[in-house]
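Visitor: Take a look at this one; I'll ask things after.
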Amino acid sequence: MNILTGNDLKTGDVIWWTGLDWSRFVKDATDVGDQGEAILHREEAARRVNSPYIIDAEQTDDGPRPGHIKDRVRALGPTVRPDLTLKPADPDAGEWVI
Amino acid sequence: MVDPIRLRDDEVHEEPAVSLDSFLDQSNATAVRIEAGEDARVLLPFLDRLSLIEIDFPAFGDGRGYSAAQILRESGYTGELRASGDVLLDQVSHMRRSGFDAFAPDSPINPKLMEEAIQRYEHVYQATSDQRPPIWRLRHG
Amino acid sequence: MYQYDQYDQEMVDTRVEEFRDQVKRRLAGDLTEDQFKPLRLMNGLYLQLHAYMLRVAVPYGTLSSKQMRMLGHIARKYDRDYGHFTTRQNIQYNWIKLEDAPDILADLASVEMHAIQTSGNCIRNISSDQFAGATADEIADPRPWAEILRQWSSFHPEFSYLPRKFKFAVIASDTDRAAMRLHDIGIQLVHNEAGELGAKFFVGGGMGRTPMVAPEIRAFVPADELISYAEACLRVYNRYGRRDNKYKARIKILVHELGKEEYTRQVEEEFAHMKTLGLNPPVEELARITEYFQDPAYDKQASDDLDLSDPDFALWVDQNVSAHNQPGYAIATISLKPRGGIPGDASSKQIDLMADLAEEYSFDELRVTHSQNIVLPYVRKSDLYALWQTLDEAGLAPANLDLITDSIACPGLDYCSLANARSIPLAQKISERFADLGRQRELGELKLKISGCINACGHHHAGHIGILGVDRKGTENYQLLLGGSGAEDASLAKITGPGFTEDGVIDAIETVTDLYLEQREDGERFIDTYRRVGMARFKEAIYG
């Protein structure tokens, strides 16, 4: 599947396109098919996202899993500071990244 | 193409700027345009007959034009020195300090904001061709 | 240390308002990201993996306790309670919001700090020797020269859009604690035959994709020509540095492609022209700045005695305390490399504590080292024990300066959008594997440097042992390098062979250190044995 990601312009938060809006959680990301370029240009011009790009992701039971480790780190947070990630209480969260 | 913004009081120079190669071939051109990678020092023997030198910025991140401008001013050029191309509001102040006194940006720049940008820093750390006294001179006279 | 006058203060205050305006225009859509990016970079603001990252300048690695407290305040108020000290003596915050950035810069300006030009294709933080002003082996304090260069380079109109970033280091001793030869311009203060102080210029060093040790370009530049000479070096680079390929855009490529002689010739020609332009501050300006770098009010009666009966204290003194040029005093290095910890990170609480300790024990002054540690430069020997006890309680007293667990690690793929592999977990695992202090001391001086990508922010080319993280078909892989040094014996590390998994590279490091112990002769450090024995022997041990 193709999903869109970027950063929130004001806060810098990593965000994912849900089909309607931008979410901080990759599980909310939607498959944009071949509409990715059009959506990201529109959203960037409206300043609802900064520096967006399209990535390849795998549909899994846990939701979309970005194809590249870098985007998985973005989706979760730094593997070396679980307390600062989006899943501080999940001991297996780092495994999902690697 | 936008009308150039000039920070000079004299008349706009009417003759169009020719390329550096053309200038060196011709004997009577009074306006020349330098591309980013061309050597401004080639013009040094001809400065007193030039009324306009235009220096191109193909991308605002290409900073070669700043050195070209400084070199021309340091060598005594007093004619119009015009920055053209990808010239944005946020580079104008540095361009002014490097010796430019006219701007021909690809996209229009608000003249009021330009004036504010140029005036923003009351003092400067370096001696450049704009002749403003650097802070070290103010400290020691 | 240097104090701003009204001009310096006005510059940083104006810069804050300029940036506030630029942020406003970005948020309003008057600037695109492409147009805004160089502007925010010139204020140290990156867009990184998790958020915006702000890199605050610590000019030549020197800061006051008051400034350190502000760094702790920023971590607490605007970030997530910690900061990261970098290999250029700066500090980084990883969780910054763009909308807060102008206020952060205003807070910094209130204590004479800034984030000016800590990124972007411009002249960056001028780095220096973390022992400057306190060490016996310098001929003068290099920092006044660094301060002159800092002011000259700030908002330089001609050099704000260089082909690429530009880094200076200034030292004043033959011992190089600042990796000076691996900078775009490295300066060593020297005396000429008449006994006058001047600058020896090395130009074209650097790491990254094509590491190079800077050649000497000029043996002596007098104080009153420093600026015009630096201008000449920069102008040749600005005009002729490559702009066609980001990976060939540093000055080291220009010097290499022209050849040292031709580059020097062009600089000398430009210098001859620039000498006539009135660019140089008068010697009174260097004298004015130098006044701020006089010795602190040392107690001339301070005792040189030290009670080393506490064995843990004795180990820390042996490893982390360095000789001072003032009798009765010592230089103490606070290690930010605790067992299993993240190299260079400090919590806001630890930052506050270090500020307090500097105030109490070090005449209010601290230094950041390019190895990501903190130095208290002016500690009375009689205070060392109390200092150590407090540090120890706070986990800031590992006695591992320059030992294998005192490794440099870049933030890597956990934080950095440029990275190919994570570097911090590797540093942590190595720290655990080699945790035994006796074993570390047995190995002795061993500079391990880890980079998560070819950009080499972890200085792996300059490691006695270097590790480079790469992306091998979508998984993290690690190359092992040996034989580099960022000291006065500068050399570039060589790759051993095929890369390893994370566990594999740690095993390989053990193989290499075991071989060292087996092969070493009297007094040899790891790097000495490696240089004598050669790569082939090590390669054989690793790969069989």
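The chains in the structure tokens are called A, B, ... from first to last as shown; in each chain the residues are counted from 1, and the ligands are counted from 1 in the order shown.
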Quick one: everything within 10 Å of A:Thr79, counting only C-alpha atoms, minus sequence neighbours fewer than 3 positions away in the same chain. Send it as a ChimeraX atom specification.

Guide: /A:73,76,82-85,93-95,97-98 /C:413-415,422,424-425

Visitor: Please return, as a PyMOL selection string, all residues of chain B lying within 7 Å of chain C when only C-alpha atoms are considered.

Guide: chain B and resi 61-64+66-67+94-95+97-98+121+125-127+136

Visitor: Should the cut-off be 9 Å, what would the residue list for chain A against chain C look like, counting only C-alpha atoms, as a list of chain:residue names?

Guide: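 For chain A, the answer reads A:Asn7, A:Asp8, A:Leu9, A:Lys10, A:Thr11, A:Gly12, A:Asp13, A:Val14, A:Ala45, A:Ala46, A:Arg47, A:Asn50, A:Ser51, A:Gly67, A:His68, A:Ile69, A:Lys70, A:Asp71, A:Val73, A:Arg74, A:Ala75, A:Leu76, A:Gly77, A:Pro78, A:Thr79, A:Val80, A:Arg81, A:Leu84, A:Ile98.
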
Visitor: I need the residues from that last selection saved to file as a PDB file, in the first residue's frame (with N, CA and C atoms), if you can.

Guide:
```
ATOM      1  N   ASN A   7       5.494  16.075   8.445  1.00  0.00           N
ATOM      2  CA  ASN A   7       5.551  16.625   9.806  1.00  0.00           C
ATOM      3  C   ASN A   7       4.544  17.757   9.923  1.00  0.00           C
ATOM      4  N   ASP A   8       4.023  17.904  11.104  1.00  0.00           N
ATOM      5  CA  ASP A   8       3.152  19.054  11.355  1.00  0.00           C
ATOM      6  C   ASP A   8       3.997  20.325  11.268  1.00  0.00           C
ATOM      7  N   LEU A   9       3.507  21.307  10.540  1.00  0.00           N
ATOM      8  CA  LEU A   9       4.314  22.514  10.304  1.00  0.00           C
ATOM      9  C   LEU A   9       4.677  23.213  11.604  1.00  0.00           C
ATOM     10  N   LYS A  10       3.709  23.385  12.486  1.00  0.00           N
ATOM     11  CA  LYS A  10       3.950  24.157  13.716  1.00  0.00           C
ATOM     12  C   LYS A  10       4.689  23.374  14.791  1.00  0.00           C
ATOM     13  N   THR A  11       4.306  22.109  14.959  1.00  0.00           N
ATOM     14  CA  THR A  11       4.856  21.363  16.096  1.00  0.00           C
ATOM     15  C   THR A  11       5.991  20.441  15.702  1.00  0.00           C
ATOM     16  N   GLY A  12       6.060  20.091  14.424  1.00  0.00           N
ATOM     17  CA  GLY A  12       7.074  19.142  13.980  1.00  0.00           C
ATOM     18  C   GLY A  12       6.682  17.693  14.178  1.00  0.00           C
ATOM     19  N   ASP A  13       5.519  17.426  14.790  1.00  0.00           N
ATOM     20  CA  ASP A  13       5.079  16.042  15.014  1.00  0.00           C
ATOM     21  C   ASP A  13       5.042  15.274  13.706  1.00  0.00           C
ATOM     22  N   VAL A  14       5.407  14.017  13.774  1.00  0.00           N
ATOM     23  CA  VAL A  14       5.279  13.128  12.629  1.00  0.00           C
ATOM     24  C   VAL A  14       3.797  12.821  12.433  1.00  0.00           C
ATOM     25  N   ALA A  45       0.363  22.812   0.246  1.00  0.00           N
ATOM     26  CA  ALA A  45       0.037  24.196  -0.118  1.00  0.00           C
ATOM     27  C   ALA A  45      -0.881  24.834   0.917  1.00  0.00           C
ATOM     28  N   ALA A  46      -1.726  24.019   1.527  1.00  0.00           N
ATOM     29  CA  ALA A  46      -2.635  24.534   2.556  1.00  0.00           C
ATOM     30  C   ALA A  46      -1.981  24.580   3.934  1.00  0.00           C
ATOM     31  N   ARG A  47      -0.729  24.182   3.970  1.00  0.00           N
ATOM     32  CA  ARG A  47       0.068  24.191   5.206  1.00  0.00           C
ATOM     33  C   ARG A  47      -0.498  23.278   6.292  1.00  0.00           C
ATOM     34  N   ASN A  50       4.003  19.621   6.524  1.00  0.00           N
ATOM     35  CA  ASN A  50       5.287  20.124   6.045  1.00  0.00           C
ATOM     36  C   ASN A  50       6.097  18.962   5.488  1.00  0.00           C
ATOM     37  N   SER A  51       6.719  19.192   4.330  1.00  0.00           N
ATOM     38  CA  SER A  51       7.627  18.214   3.712  1.00  0.00           C
ATOM     39  C   SER A  51       7.035  16.803   3.631  1.00  0.00           C
ATOM     40  N   GLY A  67       7.597   0.468   5.049  1.00  0.00           N
ATOM     41  CA  GLY A  67       8.577  -0.439   4.465  1.00  0.00           C
ATOM     42  C   GLY A  67      10.000  -0.159   4.885  1.00  0.00           C
ATOM     43  N   HIS A  68      10.311   1.095   5.213  1.00  0.00           N
ATOM     44  CA  HIS A  68      11.691   1.446   5.543  1.00  0.00           C
ATOM     45  C   HIS A  68      11.824   1.688   7.033  1.00  0.00           C
ATOM     46  N   ILE A  69      12.918   1.203   7.589  1.00  0.00           N
ATOM     47  CA  ILE A  69      13.123   1.311   9.030  1.00  0.00           C
ATOM     48  C   ILE A  69      13.083   2.764   9.511  1.00  0.00           C
ATOM     49  N   LYS A  70      13.548   3.678   8.670  1.00  0.00           N
ATOM     50  CA  LYS A  70      13.558   5.086   9.069  1.00  0.00           C
ATOM     51  C   LYS A  70      12.138   5.573   9.377  1.00  0.00           C
ATOM     52  N   ASP A  71      11.189   5.170   8.532  1.00  0.00           N
ATOM     53  CA  ASP A  71       9.817   5.615   8.767  1.00  0.00           C
ATOM     54  C   ASP A  71       9.183   4.868   9.930  1.00  0.00           C
ATOM     55  N   VAL A  73      10.921   4.155  12.616  1.00  0.00           N
ATOM     56  CA  VAL A  73      11.438   4.940  13.750  1.00  0.00           C
ATOM     57  C   VAL A  73      10.599   6.212  13.899  1.00  0.00           C
ATOM     58  N   ARG A  74      10.271   6.826  12.794  1.00  0.00           N
ATOM     59  CA  ARG A  74       9.422   8.028  12.859  1.00  0.00           C
ATOM     60  C   ARG A  74       8.048   7.700  13.431  1.00  0.00           C
ATOM     61  N   ALA A  75       7.534   6.541  13.069  1.00  0.00           N
ATOM     62  CA  ALA A  75       6.187   6.175  13.520  1.00  0.00           C
ATOM     63  C   ALA A  75       6.128   5.948  15.021  1.00  0.00           C
ATOM     64  N   LEU A  76       7.201   5.449  15.575  1.00  0.00           N
ATOM     65  CA  LEU A  76       7.193   5.082  16.992  1.00  0.00           C
ATOM     66  C   LEU A  76       7.891   6.128  17.856  1.00  0.00           C
ATOM     67  N   GLY A  77       9.128   6.436  17.514  1.00  0.00           N
ATOM     68  CA  GLY A  77       9.954   7.272  18.374  1.00  0.00           C
ATOM     69  C   GLY A  77      11.322   6.620  18.507  1.00  0.00           C
ATOM     70  N   PRO A  78      12.243   7.232  19.227  1.00  0.00           N
ATOM     71  CA  PRO A  78      13.596   6.665  19.318  1.00  0.00           C
ATOM     72  C   PRO A  78      13.595   5.336  20.075  1.00  0.00           C
ATOM     73  N   THR A  79      14.201   4.309  19.482  1.00  0.00           N
ATOM     74  CA  THR A  79      14.193   2.986  20.110  1.00  0.00           C
ATOM     75  C   THR A  79      14.973   2.998  21.428  1.00  0.00           C
ATOM     76  N   VAL A  80      15.861   3.964  21.593  1.00  0.00           N
ATOM     77  CA  VAL A  80      16.697   3.993  22.789  1.00  0.00           C
ATOM     78  C   VAL A  80      16.061   4.759  23.946  1.00  0.00           C
ATOM     79  N   ARG A  81      14.891   5.360  23.712  1.00  0.00           N
ATOM     80  CA  ARG A  81      14.151   6.044  24.769  1.00  0.00           C
ATOM     81  C   ARG A  81      12.689   5.653  24.671  1.00  0.00           C
ATOM     82  N   LEU A  84       9.937   7.978  25.562  1.00  0.00           N
ATOM     83  CA  LEU A  84       9.612   9.129  24.724  1.00  0.00           C
ATOM     84  C   LEU A  84       8.827   8.740  23.472  1.00  0.00           C
ATOM     85  N   ILE A  98      12.388  -2.644  14.248  1.00  0.00           N
ATOM     86  CA  ILE A  98      13.529  -3.330  13.655  1.00  0.00           C
ATOM     87  C   ILE A  98      13.034  -4.396  12.691  1.00  0.00           C
TER      88      ILE A  98
END
```

Visitor: Please provide the set of residues having any atom within 9 Å of A:Ala57, restricted to only C-alpha atoms, with same-chain residues fewer than 3 positions apart removed, written as a PyMOL selection string.

Guide: chain A and resi 1-3+31+64-68

Visitor: I need the residues of stretch 50-157 of chain C that end up classed as strand (DSSP E or B) by DSSP on the backbone, written out as a list in words.

Guide: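 In stretch 50-157 of chain C, DSSP puts these residues in strand (DSSP E or B): Tyr52, Met53, Leu54, Arg55, Val56, Thr62, Leu63, Ser64, Tyr82, Gly83, His84, Phe85, Ile91, Gln92, Tyr93, Asn94, Trp95, Ile96, Ile123, Ser127 and Ser128 of chain C.
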
Visitor: Based on the backbone DSSP call, show me all residues of chain B assigned helix (DSSP H, G or I), as a ChimeraX atom specification.

Guide: /B:20-25,40-49,64-74,89-98,111-119,135-140

Visitor: Can you write out the residues you just picked, keeping C-alpha atoms, as a PDB file, in the first residue's frame?

Guide:
```pdb
ATOM      1  CA  LEU B  20      30.204  38.879 -20.894  1.00  0.00           C
ATOM      2  CA  ASP B  21      31.400  37.235 -24.113  1.00  0.00           C
ATOM      3  CA  SER B  22      29.640  39.860 -26.229  1.00  0.00           C
ATOM      4  CA  PHE B  23      31.026  42.628 -24.075  1.00  0.00           C
ATOM      5  CA  LEU B  24      34.566  41.455 -24.551  1.00  0.00           C
ATOM      6  CA  ASP B  25      33.987  41.315 -28.335  1.00  0.00           C
ATOM      7  CA  ALA B  40      34.069  39.379 -12.410  1.00  0.00           C
ATOM      8  CA  ARG B  41      37.764  40.291 -12.508  1.00  0.00           C
ATOM      9  CA  VAL B  42      37.642  40.046 -16.291  1.00  0.00           C
ATOM     10  CA  LEU B  43      35.791  43.373 -16.170  1.00  0.00           C
ATOM     11  CA  LEU B  44      38.320  45.232 -14.052  1.00  0.00           C
ATOM     12  CA  PRO B  45      40.067  46.973 -16.952  1.00  0.00           C
ATOM     13  CA  PHE B  46      36.707  48.328 -18.170  1.00  0.00           C
ATOM     14  CA  LEU B  47      35.025  49.583 -15.015  1.00  0.00           C
ATOM     15  CA  ASP B  48      35.102  53.255 -15.885  1.00  0.00           C
ATOM     16  CA  ARG B  49      33.078  52.722 -19.000  1.00  0.00           C
ATOM     17  CA  ARG B  64      28.954  33.271  -6.015  1.00  0.00           C
ATOM     18  CA  GLY B  65      27.349  36.577  -6.958  1.00  0.00           C
ATOM     19  CA  TYR B  66      28.134  38.056  -3.539  1.00  0.00           C
ATOM     20  CA  SER B  67      31.877  37.635  -4.141  1.00  0.00           C
ATOM     21  CA  ALA B  68      31.572  38.999  -7.676  1.00  0.00           C
ATOM     22  CA  ALA B  69      29.848  42.109  -6.335  1.00  0.00           C
ATOM     23  CA  GLN B  70      32.409  42.671  -3.613  1.00  0.00           C
ATOM     24  CA  ILE B  71      35.275  42.299  -6.085  1.00  0.00           C
ATOM     25  CA  LEU B  72      33.768  44.910  -8.396  1.00  0.00           C
ATOM     26  CA  ARG B  73      33.133  47.436  -5.639  1.00  0.00           C
ATOM     27  CA  GLU B  74      36.536  46.841  -4.048  1.00  0.00           C
ATOM     28  CA  LEU B  89      13.525  39.293   0.377  1.00  0.00           C
ATOM     29  CA  ASP B  90      15.687  37.436   2.863  1.00  0.00           C
ATOM     30  CA  GLN B  91      18.860  37.790   0.809  1.00  0.00           C
ATOM     31  CA  VAL B  92      18.535  41.468  -0.021  1.00  0.00           C
ATOM     32  CA  SER B  93      20.256  42.751   3.087  1.00  0.00           C
ATOM     33  CA  HIS B  94      23.390  40.650   2.456  1.00  0.00           C
ATOM     34  CA  MET B  95      23.301  41.659  -1.200  1.00  0.00           C
ATOM     35  CA  ARG B  96      23.164  45.322  -0.266  1.00  0.00           C
ATOM     36  CA  ARG B  97      26.133  44.906   2.050  1.00  0.00           C
ATOM     37  CA  SER B  98      28.051  43.127  -0.712  1.00  0.00           C
ATOM     38  CA  PRO B 111       9.621  47.391  -1.501  1.00  0.00           C
ATOM     39  CA  LYS B 112       8.540  48.333   1.997  1.00  0.00           C
ATOM     40  CA  LEU B 113       9.601  44.947   3.380  1.00  0.00           C
ATOM     41  CA  MET B 114      12.842  45.259   1.456  1.00  0.00           C
ATOM     42  CA  GLU B 115      13.584  48.589   3.062  1.00  0.00           C
ATOM     43  CA  GLU B 116      12.805  47.127   6.512  1.00  0.00           C
ATOM     44  CA  ALA B 117      15.120  44.184   5.823  1.00  0.00           C
ATOM     45  CA  ILE B 118      17.970  46.457   4.779  1.00  0.00           C
ATOM     46  CA  GLN B 119      17.545  48.662   7.860  1.00  0.00           C
ATOM     47  CA  ILE B 135      31.582  47.177  15.173  1.00  0.00           C
ATOM     48  CA  TRP B 136      35.286  46.851  15.916  1.00  0.00           C
ATOM     49  CA  ARG B 137      35.800  50.341  14.500  1.00  0.00           C
ATOM     50  CA  LEU B 138      33.045  51.739  16.704  1.00  0.00           C
ATOM     51  CA  ARG B 139      34.720  50.103  19.684  1.00  0.00           C
ATOM     52  CA  HIS B 140      38.167  51.529  19.001  1.00  0.00           C
TER      53      HIS B 140
END
```

Visitor: For C:Ser348, which residue out of C:Gly120, C:Gly72, C:Gly205, C:Gly195 is the nearest one, using only C-alpha atoms?

Guide: C:Gly72

Visitor: Pick out the residues sitting within 6 Å of stretch 322-333 of chain C, and hand them over as a VMD selection string; count only C-alpha atoms, and ignore anything fewer than 6 positions along from it in its own chain.

Guide: chain C and resid 134 to 136 302 to 304 374 to 381

Visitor: Might you pull out every residue within 9 Å of B:Asp3, with only C-alpha atoms counted and same-chain residues fewer than 4 positions away left off, and present them as a PyMOL selection string?

Guide: chain B and resi 103-105+108

Visitor: Do a neighbour search on B:Arg82 at 6 Å with only C-alpha atoms, toss out local chain neighbours closer than 3 positions, and write the hits as a PyMOL selection string.

Guide: chain B and resi 54+100+102-103

Visitor: With only C-alpha atoms as the counted atoms, please give the residues lying no more than 7 Å from B:Ile55, apart from itself and same-chain residues fewer than 3 positions off, as a list in words.

Guide: Arg33, Ile34, Glu35, Ala36, Gly65, Arg82, Ala83 and Ser84 of chain B

Visitor: Rounded to one decimal place, report the atom CA of C:Gly499-atom CA of C:Asn477 distance in Å.

Guide: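 Between atom CA of C:Gly499 and atom CA of C:Asn477 the gap is 6.1 Å.
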